[in-house]
>>> print(open('model-v3.txt').read())   # compact mmCIF, C-alpha atoms
# COMPACT_ATOMS: atom_id res chain seq x y z
CA MET A 154 -51.24 -79.67 -36.86
CA LYS A 155 -47.62 -79.94 -37.97
CA MET A 156 -44.98 -77.33 -37.01
CA GLY A 157 -43.02 -75.68 -39.74
CA ALA A 158 -39.23 -75.42 -39.98
CA GLU A 159 -39.20 -71.84 -38.78
CA ASP A 160 -41.24 -72.68 -35.71
CA LYS A 161 -38.79 -75.43 -34.78
CA LYS A 162 -35.87 -73.04 -35.04
CA LYS A 163 -37.56 -70.45 -32.81
CA LEU A 164 -38.37 -73.07 -30.22
CA THR A 165 -34.77 -74.27 -30.21
CA VAL A 166 -33.44 -70.73 -29.69
CA LEU A 167 -35.86 -70.09 -26.84
CA CYS A 168 -34.79 -73.33 -25.12
CA VAL A 169 -31.11 -72.37 -25.37
CA VAL A 170 -31.72 -68.86 -23.97
CA GLY A 171 -33.76 -70.30 -21.09
CA VAL A 172 -31.02 -72.73 -20.17
CA LEU A 173 -28.40 -69.94 -20.17
CA ALA A 174 -30.61 -67.72 -18.00
CA LEU A 175 -31.13 -70.50 -15.46
CA GLY A 176 -27.39 -71.15 -15.32
CA ALA A 177 -26.58 -67.48 -14.79
CA ALA A 178 -29.17 -67.16 -12.00
CA TYR A 179 -27.79 -70.22 -10.23
CA TYR A 180 -24.23 -68.89 -10.45
CA ILE A 181 -25.18 -65.48 -8.99
CA TYR A 182 -27.14 -67.09 -6.15
CA SER A 183 -24.30 -69.43 -5.28
CA GLN A 184 -21.70 -66.62 -5.21
CA VAL A 185 -23.67 -63.96 -3.33
CA PHE A 186 -25.95 -65.79 -0.94
CA SER A 187 -24.07 -69.00 -0.28
CA SER A 188 -20.48 -67.74 0.46
CA PRO A 189 -19.56 -68.11 4.20
CA ASP A 190 -17.98 -65.27 6.21
CA VAL A 191 -14.23 -65.82 6.06
CA PRO A 192 -11.79 -63.64 8.03
CA VAL A 193 -9.71 -61.44 5.76
CA ALA A 194 -6.04 -62.15 6.29
CA VAL A 195 -3.94 -58.97 6.33
CA THR A 196 -0.21 -59.15 5.96
CA ALA A 197 1.59 -56.53 8.02
CA PRO A 198 4.16 -54.50 6.06
CA VAL A 199 7.82 -55.27 6.72
CA VAL A 200 9.56 -52.28 8.32
CA THR A 201 13.35 -52.07 8.28
CA VAL A 202 14.81 -50.14 11.22
CA ALA A 203 18.17 -48.46 10.65
CA LYS A 204 20.70 -48.05 13.48
CA GLY A 205 20.47 -44.64 15.11
CA PRO A 206 18.25 -42.73 17.53
CA VAL A 207 14.93 -44.33 18.18
CA VAL A 208 11.99 -42.25 16.97
CA LYS A 209 8.49 -43.23 17.98
CA SER A 210 5.92 -42.91 15.22
CA ALA A 211 2.26 -43.75 14.82
CA PRO A 212 1.52 -47.29 13.62
CA VAL A 213 0.84 -47.71 9.95
CA ALA A 214 -2.13 -49.99 10.43
CA ALA A 215 -4.21 -51.27 13.35
CA ALA A 216 -6.52 -54.28 13.43
CA VAL A 217 -10.01 -53.44 14.70
CA PRO A 218 -12.51 -56.31 15.20
CA VAL A 219 -15.84 -55.84 13.41
CA GLY A 220 -18.19 -58.81 14.02
CA ASN A 221 -16.25 -61.96 13.16
CA VAL A 222 -13.92 -60.21 10.68
CA ALA A 223 -10.80 -58.17 11.58
CA LYS A 224 -10.30 -55.32 9.14
CA THR A 225 -7.18 -53.20 8.82
CA VAL A 226 -7.26 -49.43 9.15
CA GLY A 227 -4.26 -47.89 7.42
CA THR A 228 -3.05 -44.73 5.76
CA ALA A 229 -2.45 -46.02 2.25
CA PRO A 230 -5.29 -45.68 -0.27
CA THR A 231 -5.53 -49.46 -0.51
CA GLN A 232 -5.78 -49.80 3.32
CA LEU A 233 -8.53 -47.26 3.99
CA ASP A 234 -11.59 -48.68 5.71
CA PRO A 235 -14.80 -46.55 5.92
CA THR A 236 -16.20 -48.73 8.71
CA LEU A 237 -17.10 -46.85 11.92
CA GLN A 238 -14.31 -47.49 14.44
CA MET A 239 -15.49 -47.81 18.03
CA GLY A 240 -12.02 -47.92 19.61
CA PRO A 241 -11.03 -44.26 18.93
CA MET A 242 -14.52 -43.13 19.89
CA LEU A 243 -14.26 -44.85 23.29
CA VAL A 244 -10.87 -43.20 23.85
CA THR A 245 -12.32 -39.73 23.23
CA GLU A 246 -15.22 -40.44 25.57
CA GLY A 247 -12.75 -41.20 28.36
CA LEU A 248 -11.02 -37.80 28.14
CA VAL A 249 -11.35 -35.58 31.21
CA TYR A 250 -11.96 -31.86 30.67
CA THR A 251 -9.17 -29.87 32.36
CA GLY A 252 -10.02 -26.28 31.41
CA ASN A 253 -10.20 -23.18 33.59
CA GLY A 254 -13.56 -24.18 35.08
CA ARG A 255 -15.71 -22.24 32.64
CA ASN A 256 -18.84 -23.94 31.38
CA ILE A 257 -19.09 -23.17 27.70
CA PHE A 258 -22.81 -24.03 27.77
CA SER A 259 -23.65 -21.48 30.49
CA ALA A 260 -23.71 -17.69 30.12
CA ASN A 261 -23.16 -17.25 33.88
CA SER A 262 -19.71 -18.80 33.86
CA VAL A 263 -18.00 -16.06 31.86
CA ALA A 264 -14.61 -15.23 33.33
CA VAL A 265 -14.37 -11.83 35.01
CA MET A 266 -11.99 -9.52 33.18
CA VAL A 267 -9.67 -7.54 35.42
CA ILE A 268 -9.14 -4.02 34.08
CA PRO A 269 -5.72 -2.66 35.14
CA LYS A 270 -5.74 0.54 37.11
CA MET A 271 -4.56 3.73 35.43
CA ILE A 272 -1.05 4.58 36.56
CA ALA A 273 -1.01 8.14 35.23
CA PRO A 274 -3.62 10.32 33.54
CA ALA A 275 -3.68 10.13 29.80
CA ARG A 276 -3.62 13.93 29.59
CA PRO A 277 -1.53 16.17 31.82
CA GLN A 278 -3.41 18.22 34.39
CA GLY A 279 -3.40 22.00 34.15
CA PRO A 280 -2.66 24.31 31.23
CA VAL A 281 0.03 23.40 28.80
CA VAL A 282 2.90 25.89 28.93
CA PRO A 283 4.37 26.44 25.48
CA GLN A 284 8.08 26.05 25.28
CA PRO A 285 9.98 29.10 24.10
CA VAL A 286 11.32 28.87 20.60
CA VAL A 287 15.06 29.40 20.47
CA GLN A 288 16.02 31.50 17.50
CA GLN A 289 19.05 30.07 15.81
CA GLY A 290 21.33 32.53 14.12
CA PRO A 291 23.43 31.95 11.06
CA PRO A 292 26.20 29.40 11.39
CA PRO A 293 29.63 30.76 12.29
CA PRO A 294 32.03 31.36 9.44
CA PRO A 295 34.53 28.62 8.71
CA PRO A 296 38.02 29.02 10.19
CA ILE A 297 40.70 30.53 7.99
CA ASP A 298 42.81 27.79 6.47
CA LEU A 299 46.20 29.42 7.20
CA THR A 300 48.87 28.75 9.83
CA PHE A 301 51.11 31.52 11.19
CA PHE A 302 54.53 30.10 12.14
CA GLY A 303 56.98 32.99 12.13
CA THR A 304 58.01 36.52 11.09
CA VAL A 305 60.93 38.22 9.40
CA THR A 306 61.89 41.92 9.58
CA SER A 307 63.53 43.76 6.69
CA ALA A 308 66.33 46.33 6.99
CA ALA A 309 63.75 49.09 6.70
CA GLY A 310 61.96 47.69 9.74
CA LYS A 311 58.96 46.23 7.85
CA ARG A 312 57.72 42.98 9.37
CA ARG A 313 56.40 40.14 7.22
CA ALA A 314 54.65 36.90 8.26
CA PHE A 315 55.30 33.31 7.24
CA LEU A 316 51.95 31.63 6.42
CA LEU A 317 51.42 27.95 5.68
CA ARG A 318 48.49 26.43 3.73
CA GLY A 319 48.87 22.71 3.08
CA GLU A 320 52.35 22.35 1.59
CA ASP A 321 52.49 25.95 0.29
CA VAL A 322 54.48 28.61 2.23
CA PHE A 323 53.74 32.31 1.79
CA LEU A 324 55.70 35.34 2.96
CA ALA A 325 53.27 38.27 3.19
CA SER A 326 53.32 41.72 4.70
CA GLU A 327 50.43 43.98 5.70
CA GLY A 328 48.07 44.57 2.74
CA ASP A 329 49.13 41.52 0.70
CA VAL A 330 46.54 39.00 -0.61
CA VAL A 331 47.28 35.26 -0.31
CA GLN A 332 45.64 32.71 -2.60
CA ARG A 333 43.40 35.50 -4.03
CA ARG A 334 41.22 35.16 -0.95
CA TYR A 335 43.01 36.03 2.29
CA LYS A 336 44.09 39.65 2.93
CA VAL A 337 46.85 40.11 5.51
CA GLY A 338 46.35 42.83 8.12
CA ALA A 339 48.53 43.88 11.05
CA VAL A 340 51.54 41.64 11.64
CA SER A 341 53.01 41.39 15.14
CA ALA A 342 55.53 39.09 16.72
CA ASN A 343 52.88 36.78 18.21
CA SER A 344 49.89 37.07 15.86
CA VAL A 345 48.69 38.20 12.47
CA VAL A 346 45.26 39.48 11.39
CA VAL A 347 43.87 37.82 8.25
CA GLU A 348 40.58 38.65 6.49
CA ASP A 349 38.65 36.12 4.39
CA MET A 350 37.32 38.34 1.58
CA THR A 351 34.69 35.79 0.45
CA ASN A 352 32.57 36.27 3.61
CA ASN A 353 34.16 39.35 5.27
CA ASN A 354 35.43 37.14 8.08
CA LYS A 355 38.40 38.64 9.94
CA GLN A 356 40.36 36.44 12.36
CA SER A 357 43.55 36.73 14.35
CA LEU A 358 45.93 33.83 13.85
CA PRO A 359 48.26 33.13 16.77
CA LEU A 360 51.87 32.15 16.33
CA ILE A 361 52.15 28.37 16.61
CA GLY A 362 54.28 27.14 19.46
CA ARG A 363 53.48 30.17 21.69
>>> encode(input="model-v3.txt", output="structure tokens")
Amino acid sequence: MKMGAEDKKKLTVLCVVGVLALGAAYYIYSQVFSSPDVPVAVTAPVVTVAKGPVVKSAPVAAAVPVGNVAKTVGTAPTQLDPTLQMGPMLVTEGLVYTGNGRNIFSANSVAVMVIPKMIAPARPQGPVVPQPVVQQGPPPPPPIDLTFFGTVTSAAGKRRAFLLRGEDVFLASEGDVVQRRYKVGAVSANSVVVEDMTNNNKQSLPLIGR
């Protein structure tokens, strides 16, 4: 039985595909299963130290042996190694507990709390005596803003007083009103009585210098 042209072409294609599949399988086997364990060489980063005070810092990377290969544990994303590190774990196992002696796994080792003694009672003993309320009266009237500094007597014997308010000088006798507010009363040689008509406040002004 003779094979047709189409059958020869199909057979040729199948042979080519089979050869390529065998080559790919051989390549994968040789790369995955036949490569020997080779230590990974890690180049330490070059650190430039400037002149100045020396500051100690943690190392950037540390070599930790795992089997026959030394892998680098670093801080950069390219240097991270998820392999379990036995060195730091052994260091933590060697730590000595130096607490206050309390066993955190035992309920009987709770520290005794010392309650301070009461120095004074929170509430006073005996009845509370109310304090008397002092009634405050109205505030005293303001002083009269006049200064008495002298007198003068007329030929008829009527005495008048010299009064000073700021830079203004007034010469007033008994019954006169100064600044439309202060009414002058009795005038003597050493004092003068003045009434503040706004609040009915009457005061005696002494002669200055006496």
>>> closest_residue(input="model-v3.txt", among="A:Lys163, A:Arg255, A:Arg318, A:Arg313", to="A:Gly338", atoms="all atoms listed in the file")
A:Arg313
>>> atom_distance(input="model-v3.txt", atom1="atom CA of A:Leu317", atom2="atom CA of A:Lys336")
14.1 Å
>>> residues_around(input="model-v3.txt", residues="A:Leu316", least_positions_apart="4", cutoff="8 Å", atoms="only C-alpha atoms", output="list in words")
Leu299, Thr300, Phe301, Phe302, Gly303, Val322, Phe323, Leu324 and Ala325 of chain A
>>> residues_near_point(input="model-v3.txt", point="(42.9, 35.7, 12.6)", cutoff="8 Å", atoms="all atoms listed in the file", output="VMD selection string")
chain A and resid 297 344 to 348 355 to 359
>>> atom_distance(input="model-v3.txt", atom1="atom CA of A:Phe315", atom2="atom CA of A:Pro293")
26.3 Å
>>> atom_distance(input="model-v3.txt", atom1="atom CA of A:Gln288", atom2="atom CA of A:Thr351")
25.6 Å
